[in-house]
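What follows is a single structure, written as structure tokens, with notes after it.
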Amino acid sequence: MDDLFAPPTQQWRRISPAYAMVLRIRMAVATAILGAAATVPVWLLAGWVWGVATIVACLAWALWQWVRLGRLVRSWGFVERDDDLYLTHGLWFKELTAIPYGRMQAVKVESGPLARAFGLASVELVTASIQSGAKIPGLPQSDAEQLRDRLIEIGIGDDEDAR
């Protein structure tokens, strides 16, 4: 079954493991906010035992997410080929996307404040179809810049070939 998601002939290039920390920080902040919002009313209305149980449930959730996010980041991979870009990701529901460079309309690079703090950026390939676009998160900024430039160069080359 894994052959279905294997790259055609090359090895997958992986995203930065530091991206897991970006996702983990986001998860920890969201869990702390939602956990506090749930714990305070439970503690006040149902008593301290249920309040402690809510805190334990939030901590268990955070621990499970911590491990899962590391595995999720390790599941990402991409391969640049001569005519297309292959992208794969997913733990339970694996996904493989092949995007022909001829369908490329734009290349977007983005990096939020947390990703920038870790020196990371995302590269998005915009195509004519909403379903066939691709986003590669968690690339080191230098790799994102190089990928962006290569994809733009390929796009310009295709435009010149069409003329």
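Going by the structure tokens order, chains are called A, B, ..., each with residues numbered from 1, while ligands are numbered from 1 in the order shown.
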Fill in: 12 Å contact set for Thr9 of chain A, only C-alpha atoms, chain neighbours under 6 positions out, as a ChimeraX atom specification
/A:3,79-82,86
Discussion item. Excluding segment 36-38 of chain A and its own-chain neighbours fewer than 4 positions away, which residues fall within 10 Å of it when counting only C-alpha atoms? Please give them as a list in words.
Written reply: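 The filter keeps Ala30, Thr31, Ala32, Val42, Trp43, Gly51, Thr54, Ile55 and Cys58 of chain A.
Excluding Arg14 of chain A and any residue on its chain fewer than 2 positions from it, the residues at most 10 Å away by only C-alpha atoms are Gln11, Trp12, Ser16, Pro17, Val73, Arg74, Ser75, Trp76, Gly77, Phe78, Val79, Thr88, Ile136, Gly138 and Leu139 of chain A.
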Could you save the residues just selected, with C-alpha atoms, as a short mmCIF file (atom, residue, chain, number, x, y, z; two decimals), in the first residue's frame?
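Output below, filename again-v2.cif:
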data_model
loop_
_atom_site.label_atom_id
_atom_site.label_comp_id
_atom_site.auth_asym_id
_atom_site.auth_seq_id
_atom_site.Cartn_x
_atom_site.Cartn_y
_atom_site.Cartn_z
CA GLN A 11 13.65 10.41 -2.28
CA TRP A 12 11.18 12.63 -0.49
CA SER A 16 11.99 21.16 8.94
CA PRO A 17 11.50 19.34 12.26
CA VAL A 73 5.45 16.89 10.53
CA ARG A 74 7.53 13.79 9.74
CA SER A 75 4.78 12.63 7.34
CA TRP A 76 5.27 15.65 5.02
CA GLY A 77 7.42 15.20 1.93
CA PHE A 78 7.84 16.66 -1.54
CA VAL A 79 9.76 15.89 -4.71
CA THR A 88 2.54 13.88 0.36
CA ILE A 136 4.52 23.13 1.64
CA GLY A 138 7.73 24.47 7.55
CA LEU A 139 10.58 25.04 5.11
#
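Within 12 Å of Arg150 of chain A, once only C-alpha atoms are used and residues closer than 3 positions along the same chain are dropped, the contacting residues are Glu80, Arg81, Asp82, Leu85, Tyr101, Val107, Val123, Leu125, Asp143, Ala144, Glu145, Gln146, Leu147, Glu153, Ile154, Gly155, Ile156 and Gly157 of chain A.
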Writing out the chosen residues with C-alpha atoms as a compact mmCIF listing (two decimals), in the first residue's frame:
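The resulting file, part.txt, is shown below:
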# COMPACT_ATOMS: atom_id res chain seq x y z
CA GLU A 80 10.59 18.33 -7.49
CA ARG A 81 10.70 16.60 -10.86
CA ASP A 82 11.27 17.95 -14.37
CA LEU A 85 5.88 18.57 -8.08
CA TYR A 101 4.22 22.88 -13.54
CA VAL A 107 3.81 31.02 -6.21
CA VAL A 123 5.52 27.96 -0.14
CA LEU A 125 1.72 26.73 -5.53
CA ASP A 143 14.95 26.59 1.17
CA ALA A 144 11.61 28.39 0.70
CA GLU A 145 13.39 31.17 -1.18
CA GLN A 146 15.22 28.69 -3.44
CA LEU A 147 12.04 26.69 -4.11
CA GLU A 153 11.87 30.15 -13.23
CA ILE A 154 9.97 27.07 -14.40
CA GLY A 155 6.81 29.18 -14.80
CA ILE A 156 8.64 31.83 -16.83
CA GLY A 157 10.21 29.11 -18.98
Item to complete: State, in Å with one decimal place, the distance from atom CA of Ala53 of chain A to atom CA of Leu34 of chain A.
Response: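 Atom CA of Leu34 of chain A lies at a distance of 14.6 Å from atom CA of Ala53 of chain A.
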Discussion item. According to DSSP computed on the backbone, where in chain A is there alpha helix (DSSP H)? Give the residues as a PyMOL selection string.
Written reply: chain A and resi 18-46+48-75+113-117+141-162
Worksheet item: With distances taken over only C-alpha atoms, which of A:Tyr19, A:Trp48, A:Phe5, A:Trp92 is nearest to Gly112 of chain A?
Response: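 The shortest atom-to-atom distance to Gly112 of chain A comes from A:Tyr19.
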Practice prompt. Determine, counting only C-alpha atoms, which protein, DNA and RNA residues have an atom within 8 Å of an atom of Arg24 of chain A; residues of the same chain fewer than 2 positions away are not included. Present the result as a ChimeraX atom specification.
Written response: /A:20-22,26-28,65-66,69
Please dump the current selection as an mmCIF file, in the first residue's frame; keep C-alpha atoms.
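selection.cif written:
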data_model
loop_
_atom_site.group_PDB
_atom_site.id
_atom_site.type_symbol
_atom_site.label_atom_id
_atom_site.label_comp_id
_atom_site.auth_asym_id
_atom_site.auth_seq_id
_atom_site.Cartn_x
_atom_site.Cartn_y
_atom_site.Cartn_z
ATOM 1 C CA ALA A 20 6.661 20.643 14.880
ATOM 2 C CA MET A 21 7.606 23.121 17.609
ATOM 3 C CA VAL A 22 5.643 25.893 15.852
ATOM 4 C CA ARG A 26 0.094 26.947 18.826
ATOM 5 C CA MET A 27 -1.523 23.842 20.320
ATOM 6 C CA ALA A 28 -0.266 24.622 23.841
ATOM 7 C CA GLN A 65 -1.259 16.296 20.504
ATOM 8 C CA TRP A 66 2.441 16.876 21.280
ATOM 9 C CA LEU A 69 2.203 16.797 15.814
#
Discussion item. Here is a test: counting only C-alpha atoms, which residue of A:Ile152, A:Ile33, A:Ile99, A:Leu87 is nearest to Ser129 of chain A?
Written reply: A:Ile99
